[in-house]
file input_30.pdb (PDB, C-alpha atoms)
ATOM      1  CA  MET A   1      -7.074 -16.440  -5.596
ATOM      2  CA  SER A   2      -3.617 -16.170  -4.128
ATOM      3  CA  ALA A   3      -2.733 -15.225  -0.603
ATOM      4  CA  VAL A   4      -2.181 -11.559  -0.114
ATOM      5  CA  VAL A   5       1.099 -11.488   1.684
ATOM      6  CA  ILE A   6       2.157 -15.093   1.902
ATOM      7  CA  PRO A   7       2.567 -16.450  -1.614
ATOM      8  CA  ALA A   8       0.207 -19.314  -2.220
ATOM      9  CA  THR A   9      -0.966 -21.235  -5.201
ATOM     10  CA  GLY A  10      -4.558 -22.114  -4.425
ATOM     11  CA  ALA A  11      -7.670 -21.340  -2.434
ATOM     12  CA  GLY A  12      -6.852 -24.189  -0.072
ATOM     13  CA  GLU A  13      -3.623 -22.527   1.003
ATOM     14  CA  VAL A  14      -5.396 -19.219   1.544
ATOM     15  CA  GLU A  15      -7.910 -20.952   3.797
ATOM     16  CA  SER A  16      -5.097 -22.711   5.582
ATOM     17  CA  THR A  17      -3.240 -19.450   6.196
ATOM     18  CA  GLU A  18      -6.440 -17.809   7.350
ATOM     19  CA  GLN A  19      -7.112 -20.700   9.675
ATOM     20  CA  MET A  20      -3.597 -20.546  11.101
ATOM     21  CA  ASP A  21      -4.018 -16.812  11.697
ATOM     22  CA  GLN A  22      -7.326 -17.406  13.445
ATOM     23  CA  GLU A  23      -5.708 -19.975  15.720
ATOM     24  CA  VAL A  24      -2.969 -17.532  16.663
ATOM     25  CA  ILE A  25      -5.539 -14.786  17.259
ATOM     26  CA  SER A  26      -7.502 -17.106  19.564
ATOM     27  CA  ARG A  27      -4.333 -17.809  21.558
ATOM     28  CA  VAL A  28      -3.594 -14.084  21.890
ATOM     29  CA  LEU A  29      -7.164 -13.344  22.970
ATOM     30  CA  ALA A  30      -6.856 -16.137  25.525
ATOM     31  CA  GLY A  31      -3.936 -14.315  27.099
ATOM     32  CA  SER A  32      -0.843 -15.466  25.213
ATOM     33  CA  LYS A  33       0.859 -12.188  24.330
ATOM     34  CA  ASP A  34       3.877 -14.000  22.895
ATOM     35  CA  ALA A  35       1.694 -15.641  20.258
ATOM     36  CA  PHE A  36       1.301 -12.242  18.618
ATOM     37  CA  GLY A  37       4.969 -12.530  17.642
ATOM     38  CA  VAL A  38       3.940 -15.210  15.136
ATOM     39  CA  LEU A  39       1.764 -12.698  13.296
ATOM     40  CA  ILE A  40       4.528 -10.090  13.388
ATOM     41  CA  SER A  41       7.045 -12.535  11.902
ATOM     42  CA  ARG A  42       4.567 -13.695   9.290
ATOM     43  CA  TYR A  43       3.516 -10.296   7.983
ATOM     44  CA  SER A  44       6.076  -7.661   8.925
ATOM     45  CA  ASP A  45       8.241  -7.849   5.791
ATOM     46  CA  PRO A  46       5.587  -7.047   3.155
ATOM     47  CA  LEU A  47       4.085  -4.423   5.451
ATOM     48  CA  TYR A  48       7.502  -2.860   6.037
ATOM     49  CA  ARG A  49       8.160  -2.728   2.298
ATOM     50  CA  HIS A  50       4.811  -1.043   1.755
ATOM     51  CA  ALA A  51       5.553   1.582   4.401
ATOM     52  CA  LEU A  52       9.061   2.067   3.028
ATOM     53  CA  GLY A  53       7.800   2.479  -0.517
ATOM     54  CA  MET A  54       5.124   4.937   0.559
ATOM     55  CA  THR A  55       7.228   7.073   2.880
ATOM     56  CA  GLY A  56      10.693   6.657   1.392
ATOM     57  CA  SER A  57      12.165   6.596   4.866
ATOM     58  CA  PRO A  58      13.315   3.497   6.786
ATOM     59  CA  ASP A  59      12.880   5.316  10.105
ATOM     60  CA  VAL A  60       9.316   6.370   9.338
ATOM     61  CA  ALA A  61       8.492   2.912   7.954
ATOM     62  CA  GLU A  62       9.680   1.319  11.201
ATOM     63  CA  ASP A  63       7.615   3.740  13.278
ATOM     64  CA  ILE A  64       4.508   3.110  11.188
ATOM     65  CA  LEU A  65       5.010  -0.645  11.388
ATOM     66  CA  GLN A  66       5.379  -0.556  15.152
ATOM     67  CA  ALA A  67       2.362   1.704  15.711
ATOM     68  CA  SER A  68       0.257  -0.387  13.328
ATOM     69  CA  PHE A  69       1.045  -3.690  15.021
ATOM     70  CA  ILE A  70       0.314  -2.191  18.433
ATOM     71  CA  LYS A  71      -3.019  -0.922  17.127
ATOM     72  CA  ALA A  72      -3.713  -4.328  15.596
ATOM     73  CA  TYR A  73      -2.966  -5.991  18.940
ATOM     74  CA  GLN A  74      -5.275  -3.668  20.846
ATOM     75  CA  HIS A  75      -8.136  -4.253  18.408
ATOM     76  CA  LEU A  76      -7.434  -7.905  17.653
ATOM     77  CA  GLY A  77     -10.854  -8.933  18.931
ATOM     78  CA  GLU A  78     -12.457  -6.907  16.146
ATOM     79  CA  VAL A  79     -10.852  -8.844  13.285
ATOM     80  CA  ARG A  80     -13.503 -10.090  10.896
ATOM     81  CA  GLY A  81     -12.215 -12.029   7.902
ATOM     82  CA  ARG A  82      -8.581 -12.119   6.905
ATOM     83  CA  PHE A  83      -6.019 -10.783   9.350
ATOM     84  CA  ASP A  84      -3.480 -10.002   6.615
ATOM     85  CA  ALA A  85      -5.905  -7.760   4.720
ATOM     86  CA  TRP A  86      -7.065  -6.120   7.937
ATOM     87  CA  VAL A  87      -3.578  -5.291   9.181
ATOM     88  CA  PHE A  88      -2.533  -4.144   5.701
ATOM     89  CA  ARG A  89      -5.305  -1.560   5.754
ATOM     90  CA  ILE A  90      -4.078  -0.268   9.118
ATOM     91  CA  VAL A  91      -0.567   0.209   7.689
ATOM     92  CA  ALA A  92      -1.815   1.664   4.390
ATOM     93  CA  ASN A  93      -4.018   4.210   6.188
ATOM     94  CA  SER A  94      -1.158   5.158   8.489
ATOM     95  CA  CYS A  95       1.080   5.767   5.482
ATOM     96  CA  LYS A  96      -1.534   7.959   3.811
ATOM     97  CA  ASP A  97      -2.091   9.891   7.044
ATOM     98  CA  TRP A  98       1.660  10.447   7.301
ATOM     99  CA  LEU A  99       1.816  11.700   3.723
ATOM    100  CA  LYS A 100      -1.036  14.109   4.408
ATOM    101  CA  ASN A 101       0.559  15.466   7.539
ATOM    102  CA  ILE A 102       4.179  15.985   6.640
ATOM    103  CA  ARG A 103       5.281  19.425   5.633
ATOM    104  CA  ARG A 104       8.485  18.370   3.957
ATOM    105  CA  THR A 105       9.124  15.542   1.569
ATOM    106  CA  HIS A 106      11.178  13.060   3.516
ATOM    107  CA  VAL A 107      13.111  10.964   1.069
ATOM    108  CA  SER A 108      15.962   8.832   2.282
ATOM    109  CA  TYR A 109      17.145   5.479   1.173
ATOM    110  CA  ASP A 110      20.618   6.236   2.447
ATOM    111  CA  GLU A 111      20.426   3.397   4.929
ATOM    112  CA  ASP A 112      20.218   0.849   2.160
ATOM    113  CA  ASP A 113      22.294  -2.102   3.254
ATOM    114  CA  GLN A 114      21.346  -4.381   0.414
ATOM    115  CA  PRO A 115      24.190  -5.970  -1.522
ATOM    116  CA  SER A 116      24.832  -4.353  -4.862
ATOM    117  CA  VAL A 117      24.194  -6.288  -8.033
ATOM    118  CA  TYR A 118      26.223  -3.858 -10.124
ATOM    119  CA  SER A 119      29.740  -4.761 -11.011
ATOM    120  CA  THR A 120      31.440  -1.392 -11.437
ATOM    121  CA  PRO A 121      31.486   1.829  -9.400
ATOM    122  CA  GLU A 122      30.019   3.658 -12.410
ATOM    123  CA  GLU A 123      27.035   1.323 -12.471
ATOM    124  CA  GLU A 124      26.635   1.749  -8.727
ATOM    125  CA  MET A 125      26.647   5.552  -9.121
ATOM    126  CA  ASP A 126      24.088   5.356 -11.916
ATOM    127  CA  ARG A 127      21.927   3.155  -9.764
ATOM    128  CA  ASN A 128      22.105   5.529  -6.807
ATOM    129  CA  GLU A 129      21.205   8.472  -9.013
ATOM    130  CA  LEU A 130      18.228   6.677 -10.517
ATOM    131  CA  ARG A 131      17.075   5.547  -7.086
ATOM    132  CA  THR A 132      17.189   9.089  -5.755
ATOM    133  CA  ASP A 133      15.404  10.514  -8.782
ATOM    134  CA  LEU A 134      12.791   7.763  -8.661
ATOM    135  CA  GLN A 135      12.087   8.541  -5.029
ATOM    136  CA  TYR A 136      11.774  12.256  -5.722
ATOM    137  CA  ALA A 137       9.437  11.500  -8.607
ATOM    138  CA  LEU A 138       7.370   9.092  -6.464
ATOM    139  CA  ALA A 139       7.090  11.760  -3.774
ATOM    140  CA  ARG A 140       5.366  14.010  -6.276
ATOM    141  CA  LEU A 141       2.585  11.548  -7.042
ATOM    142  CA  ALA A 142      -0.798  11.772  -5.362
ATOM    143  CA  PRO A 143      -0.975   9.213  -2.502
ATOM    144  CA  SER A 144      -3.437   6.938  -4.299
ATOM    145  CA  LEU A 145      -1.181   6.738  -7.376
ATOM    146  CA  ARG A 146       1.933   6.265  -5.302
ATOM    147  CA  GLU A 147       0.209   3.494  -3.342
ATOM    148  CA  ALA A 148      -0.832   1.692  -6.515
ATOM    149  CA  PHE A 149       2.639   1.987  -8.057
ATOM    150  CA  VAL A 150       4.402   0.770  -4.906
ATOM    151  CA  MET A 151       2.069  -2.208  -4.548
ATOM    152  CA  LYS A 152       2.468  -3.207  -8.175
ATOM    153  CA  HIS A 153       6.133  -2.526  -8.838
ATOM    154  CA  VAL A 154       7.890  -2.567  -5.466
ATOM    155  CA  GLU A 155       5.798  -5.206  -3.707
ATOM    156  CA  GLY A 156       5.158  -7.175  -6.891
ATOM    157  CA  ARG A 157       1.483  -7.817  -6.178
ATOM    158  CA  SER A 158      -1.067  -8.836  -8.763
ATOM    159  CA  TYR A 159      -3.968  -6.512  -9.554
ATOM    160  CA  GLU A 160      -6.290  -9.080  -7.985
ATOM    161  CA  GLU A 161      -4.370  -9.022  -4.699
ATOM    162  CA  MET A 162      -4.355  -5.240  -4.754
ATOM    163  CA  ALA A 163      -8.097  -5.165  -5.336
ATOM    164  CA  ILE A 164      -8.692  -7.320  -2.253
ATOM    165  CA  LEU A 165      -6.416  -5.239  -0.072
ATOM    166  CA  LEU A 166      -7.670  -1.850  -1.215
ATOM    167  CA  GLU A 167     -11.291  -2.959  -1.574
ATOM    168  CA  THR A 168     -11.660  -1.618  -5.073
ATOM    169  CA  THR A 169     -11.810  -2.993  -8.605
ATOM    170  CA  VAL A 170      -9.027  -4.343 -10.789
ATOM    171  CA  GLY A 171      -9.986  -1.828 -13.486
ATOM    172  CA  ALA A 172      -9.652   1.141 -11.138
ATOM    173  CA  LEU A 173      -6.267  -0.099  -9.964
ATOM    174  CA  LYS A 174      -4.991  -0.587 -13.502
ATOM    175  CA  MET A 175      -5.910   3.016 -14.206
ATOM    176  CA  ARG A 176      -4.057   4.207 -11.122
ATOM    177  CA  VAL A 177      -0.938   2.198 -11.965
ATOM    178  CA  HIS A 178      -1.004   3.376 -15.586
ATOM    179  CA  ARG A 179      -1.395   7.002 -14.526
ATOM    180  CA  ALA A 180       1.404   6.639 -12.008
ATOM    181  CA  ARG A 181       3.676   5.222 -14.714
ATOM    182  CA  GLU A 182       2.768   7.999 -17.125
ATOM    183  CA  ALA A 183       3.505  10.623 -14.490
ATOM    184  CA  LEU A 184       6.810   9.031 -13.504
ATOM    185  CA  GLN A 185       7.829   8.696 -17.112
ATOM    186  CA  GLN A 186       7.137  12.379 -17.720
ATOM    187  CA  LEU A 187       9.280  13.260 -14.736
ATOM    188  CA  LEU A 188      12.157  10.933 -15.545
ATOM    189  CA  GLU A 189      12.337  10.603 -19.314
ATOM    190  CA  GLU A 190      14.022  13.926 -20.010
ATOM    191  CA  LYS A 191      16.994  12.834 -17.993
ATOM    192  CA  TYR A 192      17.034   9.107 -18.642
ATOM    193  CA  ALA A 193      15.198   8.214 -21.834
TER     194      ALA A 193
ATOM    195  CA  MET B   1      -9.149  15.061  -4.552
ATOM    196  CA  ARG B   2      -6.905  17.463  -2.694
ATOM    197  CA  ARG B   3      -3.246  17.201  -3.531
ATOM    198  CA  ASP B   4      -1.346  16.132  -0.439
ATOM    199  CA  ASP B   5       1.109  18.394   1.282
ATOM    200  CA  ALA B   6       3.846  15.826   0.919
ATOM    201  CA  SER B   7       3.656  16.056  -2.845
ATOM    202  CA  VAL B   8       3.935  19.820  -2.853
ATOM    203  CA  ALA B   9       5.762  21.055   0.200
ATOM    204  CA  GLY B  10       9.475  20.632   0.115
ATOM    205  CA  ASP B  11       9.698  19.550  -3.483
ATOM    206  CA  GLU B  12      11.078  22.792  -4.792
ATOM    207  CA  GLY B  13      13.883  23.030  -2.305
ATOM    208  CA  GLU B  14      14.924  19.396  -2.232
ATOM    209  CA  GLY B  15      16.199  18.811  -5.668
ATOM    210  CA  VAL B  16      13.087  17.921  -7.583
ATOM    211  CA  GLY B  17      13.705  21.070  -9.567
ATOM    212  CA  ARG B  18      16.259  19.165 -11.540
ATOM    213  CA  LEU B  19      13.479  16.977 -12.762
ATOM    214  CA  ARG B  20      10.811  18.493 -14.909
ATOM    215  CA  GLY B  21       8.019  20.849 -13.925
ATOM    216  CA  GLY B  22       7.288  23.636 -11.450
ATOM    217  CA  LYS B  23       4.350  24.280  -9.163
ATOM    218  CA  LYS B  24       1.968  25.089 -11.996
ATOM    219  CA  ASN B  25       2.865  21.862 -13.710
ATOM    220  CA  ASP B  26       2.371  20.033 -10.417
ATOM    221  CA  GLU B  27      -1.164  21.331 -10.109
ATOM    222  CA  ARG B  28      -1.987  20.452 -13.679
ATOM    223  CA  GLU B  29      -0.472  16.979 -13.307
ATOM    224  CA  SER B  30      -2.316  16.457 -10.048
ATOM    225  CA  ARG B  31      -5.654  17.310 -11.604
ATOM    226  CA  LEU B  32      -4.948  14.944 -14.460
ATOM    227  CA  MET B  33      -3.673  12.100 -12.292
ATOM    228  CA  ASP B  34      -6.364  12.094  -9.654
ATOM    229  CA  ARG B  35      -9.279  11.565 -11.995
ATOM    230  CA  GLU B  36     -10.058   7.960 -12.707
ATOM    231  CA  VAL B  37     -11.397   8.020 -16.219
ATOM    232  CA  PRO B  38     -11.242   5.092 -18.599
ATOM    233  CA  LEU B  39      -8.022   4.856 -20.541
ATOM    234  CA  VAL B  40      -8.523   5.036 -24.261
ATOM    235  CA  ALA B  41      -7.137   1.965 -25.974
ATOM    236  CA  GLY B  42      -4.085   2.648 -28.081
ATOM    237  CA  VAL B  43      -3.282   5.940 -26.394
ATOM    238  CA  GLY B  44      -0.619   6.569 -23.738
ATOM    239  CA  HIS B  45       2.038   3.901 -24.223
ATOM    240  CA  ALA B  46      -0.344   0.943 -24.349
ATOM    241  CA  ALA B  47       2.410  -1.468 -25.387
ATOM    242  CA  LEU B  48       4.608  -0.274 -22.542
ATOM    243  CA  HIS B  49       1.843  -0.888 -19.989
ATOM    244  CA  ASP B  50       1.089  -4.282 -21.481
ATOM    245  CA  TRP B  51       4.742  -5.252 -21.174
ATOM    246  CA  LEU B  52       4.982  -3.952 -17.605
ATOM    247  CA  ASP B  53       1.794  -5.868 -16.754
ATOM    248  CA  GLY B  54       3.341  -9.040 -18.161
ATOM    249  CA  GLU B  55       1.031  -9.239 -21.137
ATOM    250  CA  LEU B  56       3.558  -8.469 -23.874
ATOM    251  CA  ASP B  57       7.136  -9.434 -24.726
ATOM    252  CA  GLN B  58       9.827  -6.862 -24.151
ATOM    253  CA  SER B  59      10.899  -7.057 -27.795
ATOM    254  CA  ARG B  60       7.411  -6.134 -28.996
ATOM    255  CA  ALA B  61       7.202  -3.293 -26.481
ATOM    256  CA  ARG B  62      10.596  -2.102 -27.738
ATOM    257  CA  ASP B  63       9.329  -2.114 -31.322
ATOM    258  CA  ALA B  64       6.217  -0.156 -30.408
ATOM    259  CA  GLU B  65       7.591   2.314 -27.868
ATOM    260  CA  GLY B  66      11.256   2.658 -28.738
ATOM    261  CA  ALA B  67      14.328   1.360 -26.979
ATOM    262  CA  SER B  68      14.854   4.342 -24.691
ATOM    263  CA  GLN B  69      11.448   4.037 -23.001
ATOM    264  CA  VAL B  70      11.775   0.316 -22.491
ATOM    265  CA  ASP B  71      15.333   0.658 -21.177
ATOM    266  CA  LEU B  72      14.217   3.303 -18.693
ATOM    267  CA  TRP B  73      11.500   1.021 -17.333
ATOM    268  CA  ALA B  74      13.847  -1.936 -17.249
ATOM    269  CA  ARG B  75      16.112   0.116 -14.980
ATOM    270  CA  ILE B  76      13.160   1.210 -12.831
ATOM    271  CA  ASN B  77      12.070  -2.421 -12.542
ATOM    272  CA  ALA B  78      15.562  -3.483 -11.512
ATOM    273  CA  GLU B  79      15.570  -0.839  -8.804
ATOM    274  CA  SER B  80      12.081  -1.903  -7.663
ATOM    275  CA  GLU B  81      13.255  -5.488  -7.364
ATOM    276  CA  MET B  82      16.091  -4.369  -5.115
ATOM    277  CA  LEU B  83      13.545  -2.722  -2.821
ATOM    278  CA  ARG B  84      11.416  -5.869  -2.908
ATOM    279  CA  ARG B  85      14.209  -7.785  -1.200
ATOM    280  CA  ARG B  86      14.297  -5.527   1.832
ATOM    281  CA  THR B  87      13.274  -7.075   5.113
ATOM    282  CA  THR B  88      12.236  -5.717   8.484
ATOM    283  CA  PRO B  89      15.248  -5.137  10.742
ATOM    284  CA  MET B  90      15.234  -7.664  13.602
ATOM    285  CA  TYR B  91      15.311  -4.971  16.274
ATOM    286  CA  VAL B  92      11.927  -3.744  15.002
ATOM    287  CA  HIS B  93      10.339  -7.125  15.839
ATOM    288  CA  LYS B  94      11.718  -6.913  19.357
ATOM    289  CA  ALA B  95      10.676  -3.276  19.732
ATOM    290  CA  ILE B  96       7.115  -4.090  18.723
ATOM    291  CA  MET B  97       6.861  -7.030  21.119
ATOM    292  CA  SER B  98       8.195  -5.014  24.026
ATOM    293  CA  ALA B  99       5.853  -2.104  23.231
ATOM    294  CA  LEU B 100       2.697  -4.224  23.292
ATOM    295  CA  PRO B 101       0.378  -3.270  26.158
ATOM    296  CA  ASP B 102       0.036  -5.673  29.066
ATOM    297  CA  GLU B 103      -3.740  -5.902  28.867
ATOM    298  CA  THR B 104      -5.042  -8.809  26.856
ATOM    299  CA  PRO B 105      -7.193  -7.568  23.974
ATOM    300  CA  SER B 106     -10.823  -8.485  24.526
ATOM    301  CA  PRO B 107     -13.070 -10.109  21.933
ATOM    302  CA  VAL B 108     -15.619  -7.548  20.809
ATOM    303  CA  ALA B 109     -19.050  -8.784  19.806
ATOM    304  CA  GLN B 110     -20.229  -6.425  17.103
ATOM    305  CA  TRP B 111     -23.909  -5.526  17.331
ATOM    306  CA  THR B 112     -24.392  -6.602  13.721
ATOM    307  CA  THR B 113     -23.018 -10.035  14.578
ATOM    308  CA  ALA B 114     -25.330 -10.280  17.577
ATOM    309  CA  LEU B 115     -28.304  -9.418  15.385
ATOM    310  CA  ARG B 116     -27.321 -11.989  12.762
ATOM    311  CA  GLU B 117     -27.049 -14.655  15.413
ATOM    312  CA  ASN B 118     -30.417 -13.731  17.001
ATOM    313  CA  PRO B 119     -32.943 -12.873  14.260
ATOM    314  CA  GLY B 120     -35.685 -12.670  16.900
ATOM    315  CA  THR B 121     -34.021  -9.536  18.241
ATOM    316  CA  ILE B 122     -34.671  -7.788  14.928
ATOM    317  CA  ALA B 123     -38.400  -8.546  15.209
ATOM    318  CA  VAL B 124     -38.503  -7.224  18.776
ATOM    319  CA  ILE B 125     -36.694  -4.000  17.800
ATOM    320  CA  ALA B 126     -38.990  -3.504  14.785
ATOM    321  CA  GLY B 127     -42.036  -4.022  17.009
ATOM    322  CA  VAL B 128     -40.803  -1.447  19.528
ATOM    323  CA  ILE B 129     -40.161   1.096  16.759
ATOM    324  CA  LEU B 130     -43.658   0.562  15.320
ATOM    325  CA  ALA B 131     -45.232   0.880  18.755
ATOM    326  CA  VAL B 132     -43.378   4.121  19.502
ATOM    327  CA  GLY B 133     -44.367   5.475  16.056
ATOM    328  CA  ALA B 134     -48.023   4.602  16.609
ATOM    329  CA  LEU B 135     -47.976   6.196  20.070
ATOM    330  CA  ALA B 136     -46.434   9.346  18.626
ATOM    331  CA  LEU B 137     -49.175   9.526  15.985
ATOM    332  CA  VAL B 138     -51.921   9.123  18.591
ATOM    333  CA  MET B 139     -50.405  11.849  20.738
ATOM    334  CA  MET B 140     -50.151  14.227  17.765
ATOM    335  CA  ARG B 141     -53.898  13.902  17.177
TER     336      ARG B 141
END
call {"tool": "encode", "arguments": {"input": "input_30.pdb", "output": "structure tokens"}}
result
Amino acid sequence: MSAVVIPATGAGEVESTEQMDQEVISRVLAGSKDAFGVLISRYSDPLYRHALGMTGSPDVAEDILQASFIKAYQHLGEVRGRFDAWVFRIVANSCKDWLKNIRRTHVSYDEDDQPSVYSTPEEEMDRNELRTDLQYALARLAPSLREAFVMKHVEGRSYEEMAILLETTVGALKMRVHRAREALQQLLEEKYA
Amino acid sequence: MRRDDASVAGDEGEGVGRLRGGKKNDERESRLMDREVPLVAGVGHAALHDWLDGELDQSRARDAEGASQVDLWARINAESEMLRRRTTPMYVHKAIMSALPDETPSPVAQWTTALRENPGTIAVIAGVILAVGALALVMMR
């Protein structure tokens, strides 16, 4: 089994990561607030990408990440088992709550500051158009399908990792990912395929 | 499962109309998507899914599904990989640390853990329940 958010190659590394997390948690519970920064540095990137993929908004993703880590800090004494899976569930539930509560679809990747891999302005325009359309199409998926698609395609997780994090079966997740792909394809193929 | 507001509200007015489908289609798609029923082998772009799951070569997926479908998903994958490289802005780390409450979180002993660690407690609780039940029976007579 591989580590959920820190890539690992064997069970030994998972145990080691878990052990390191437990040591940090013990330090925090003993009064070292700064030690919590280790957990933030270790896990914020994959959690941020999940929130970004689910909400489509960098601002919302940052807010969710901050609120989730504060909640994790306040309830740190309740962690049973793996911290990474526990904190992922806090973020994932926050994202789903946000999706349930919003009245408007908030889609904005306009703050993308990633370097372009496209060589011409035409390719860059095509890429921007596809990105926008993909986000609009993702926004139309049911939260459970969107979550499965984001975890598989954006976060690049294996079905086994997803099953651990979402506490469900690999088979159920494959179905969700397949249905998400089918739905996205229906929405996008008329224009692109 | 109820379709979420995010998937419905705002779609019409924010440009999704240029993609396919209206509200009726949304509802039909939602009903179809939310049910987890077994996928029938060989139906619904099986080769495409196998390729996207890393179980099939792209060339074989192209033969089975057609170039346009595979090219579309290759572009979607490229875009997904761009998103995968995004990292948390540094100011977010600092904002989280400065927003943490001053109180040290306290270790919480869950009652289930306490019971596991003291099996005798279970026997005592069971005895009390039985005693109360027997007393209640006597009183009812």
call {"tool": "axis_aligned_box", "arguments": {"input": "input_30.pdb", "around": "range 80-89 of chain B", "padding_each_side": "5 Å", "output": "lines of an AutoDock Vina configuration file"}}
result
center_x = 13.8
center_y = -4.8
center_z = 1.5
size_x = 14.7
size_y = 15.9
size_z = 28.4
call {"tool": "residues_around", "arguments": {"input": "input_30.pdb", "residues": "Glu147 in chain A", "least_positions_apart": "5", "cutoff": "9 Å", "atoms": "all atoms listed in the file", "output": "list of chain:residue names"}}
result
A:His50, A:Gly53, A:Met54, A:Ala92, A:Lys96, A:Ala142, A:Lys152, A:Arg176, A:Val177
call {"tool": "atom_distance", "arguments": {"input": "input_30.pdb", "atom1": "CA of Val91 in chain A", "atom2": "CA of Ala51 in chain A"}}
result
7.1 Å
call {"tool": "residues_around", "arguments": {"input": "input_30.pdb", "residues": "range 81-93 of chain B", "least_positions_apart": "3", "cutoff": "8 Å", "atoms": "only C-alpha atoms", "output": "PyMOL selection string"}}
result
(chain A and resi 37+40-41+44-46+48-49+62+66+114+153-156) or (chain B and resi 77-78+96-97)
call {"tool": "atom_distance", "arguments": {"input": "input_30.pdb", "atom1": "CA of Asp53 in chain B", "atom2": "CA of His178 in chain A"}}
result
9.7 Å
call {"tool": "residues_around", "arguments": {"input": "input_30.pdb", "residues": "range 87-89 of chain A", "least_positions_apart": "6", "cutoff": "7 Å", "atoms": "only C-alpha atoms", "output": "list in words"}}
result
Leu47, Ala72 and Leu165 of chain A
call {"tool": "atom_distance", "arguments": {"input": "input_30.pdb", "atom1": "CA of Lys94 in chain B", "atom2": "CA of Lys71 in chain A"}}
result
16.1 Å
call {"tool": "residues_around", "arguments": {"input": "input_30.pdb", "residues": "Gly31 in chain A", "least_positions_apart": "5", "cutoff": "9 Å", "atoms": "only C-alpha atoms", "output": "list in words"}}
result
Ser26 of chain A; Glu103, Thr104 and Pro105 of chain B
call {"tool": "closest_residue", "arguments": {"input": "input_30.pdb", "among": "A:Tyr192, A:Tyr73, A:Phe149, A:Tyr159", "to": "Asp102 in chain B", "atoms": "only C-alpha atoms"}}
result
A:Tyr73
call {"tool": "closest_residue", "arguments": {"input": "input_30.pdb", "among": "A:Cys95, A:Gly77, A:Glu182, A:Met125", "to": "chain B", "atoms": "only C-alpha atoms"}}
result
A:Gly77
call {"tool": "closest_residue", "arguments": {"input": "input_30.pdb", "among": "A:Asp84, A:Ala30, A:Leu39, A:Phe69", "to": "Ala95 in chain B", "atoms": "all atoms listed in the file"}}
result
A:Phe69
call {"tool": "closest_residue", "arguments": {"input": "input_30.pdb", "among": "B:His49, B:Arg141, B:Gly54, B:Ile125", "to": "chain A", "atoms": "only C-alpha atoms"}}
result
B:His49
call {"tool": "closest_residue", "arguments": {"input": "input_30.pdb", "among": "A:Asp34, A:Glu189, A:Asp21, A:Glu129", "to": "Phe83 in chain A", "atoms": "only C-alpha atoms"}}
result
A:Asp21
call {"tool": "resolve_selection", "arguments": {"input": "input_30.pdb", "expression": "the PyMOL selection byres ((chain A and resi 133) around 10)", "output": "short mmCIF file (atom, residue, chain, number, x, y, z; two decimals) with C-alpha atoms, in the coordinates of the input"}}
result
data_model
loop_
_atom_site.label_atom_id
_atom_site.label_comp_id
_atom_site.auth_asym_id
_atom_site.auth_seq_id
_atom_site.Cartn_x
_atom_site.Cartn_y
_atom_site.Cartn_z
CA ARG A 127 21.93 3.16 -9.76
CA ASN A 128 22.10 5.53 -6.81
CA GLU A 129 21.20 8.47 -9.01
CA LEU A 130 18.23 6.68 -10.52
CA ARG A 131 17.08 5.55 -7.09
CA THR A 132 17.19 9.09 -5.76
CA LEU A 134 12.79 7.76 -8.66
CA GLN A 135 12.09 8.54 -5.03
CA TYR A 136 11.77 12.26 -5.72
CA ALA A 137 9.44 11.50 -8.61
CA LEU A 138 7.37 9.09 -6.46
CA ALA A 139 7.09 11.76 -3.77
CA LEU A 184 6.81 9.03 -13.50
CA LEU A 187 9.28 13.26 -14.74
CA LEU A 188 12.16 10.93 -15.54
CA LYS A 191 16.99 12.83 -17.99
CA GLY B 15 16.20 18.81 -5.67
CA VAL B 16 13.09 17.92 -7.58
CA ARG B 18 16.26 19.16 -11.54
CA LEU B 19 13.48 16.98 -12.76
#
call {"tool": "residues_around", "arguments": {"input": "input_30.pdb", "residues": "Arg60 in chain B", "least_positions_apart": "5", "cutoff": "9 Å", "atoms": "all atoms listed in the file", "output": "PyMOL selection string"}}
result
chain B and resi 47+51+65
call {"tool": "closest_residue", "arguments": {"input": "input_30.pdb", "among": "A:Ala67, A:Leu52, A:Arg27, A:Ser94", "to": "Met151 in chain A", "atoms": "all atoms listed in the file"}}
result
A:Leu52
call {"tool": "resolve_selection", "arguments": {"input": "input_30.pdb", "expression": "the PyMOL selection byres ((chain B and resi 66-72) around 9)", "output": "PyMOL selection string"}}
result
(chain A and resi 185+188-189+192-193) or (chain B and resi 48+58+61-65+73-77)
call {"tool": "build_atoms", "arguments": {"input": "input_30.pdb", "residues": "range 27-32 of chain A", "atoms": "N, CA and C atoms", "output": "short mmCIF file (atom, residue, chain, number, x, y, z; two decimals), keeping the file's coordinate frame"}}
result
data_model
loop_
_atom_site.label_atom_id
_atom_site.label_comp_id
_atom_site.auth_asym_id
_atom_site.auth_seq_id
_atom_site.Cartn_x
_atom_site.Cartn_y
_atom_site.Cartn_z
N ARG A 27 -5.31 -17.65 20.47
CA ARG A 27 -4.33 -17.81 21.56
C ARG A 27 -4.03 -16.46 22.20
N VAL A 28 -3.89 -15.43 21.35
CA VAL A 28 -3.59 -14.08 21.89
C VAL A 28 -4.77 -13.61 22.75
N LEU A 29 -5.98 -13.80 22.23
CA LEU A 29 -7.16 -13.34 22.97
C LEU A 29 -7.36 -14.13 24.28
N ALA A 30 -6.77 -15.33 24.30
CA ALA A 30 -6.86 -16.14 25.52
C ALA A 30 -5.76 -15.76 26.52
N GLY A 31 -4.93 -14.81 26.14
CA GLY A 31 -3.94 -14.32 27.10
C GLY A 31 -2.49 -14.55 26.74
N SER A 32 -2.23 -15.22 25.60
CA SER A 32 -0.84 -15.47 25.21
C SER A 32 -0.31 -14.31 24.37
#
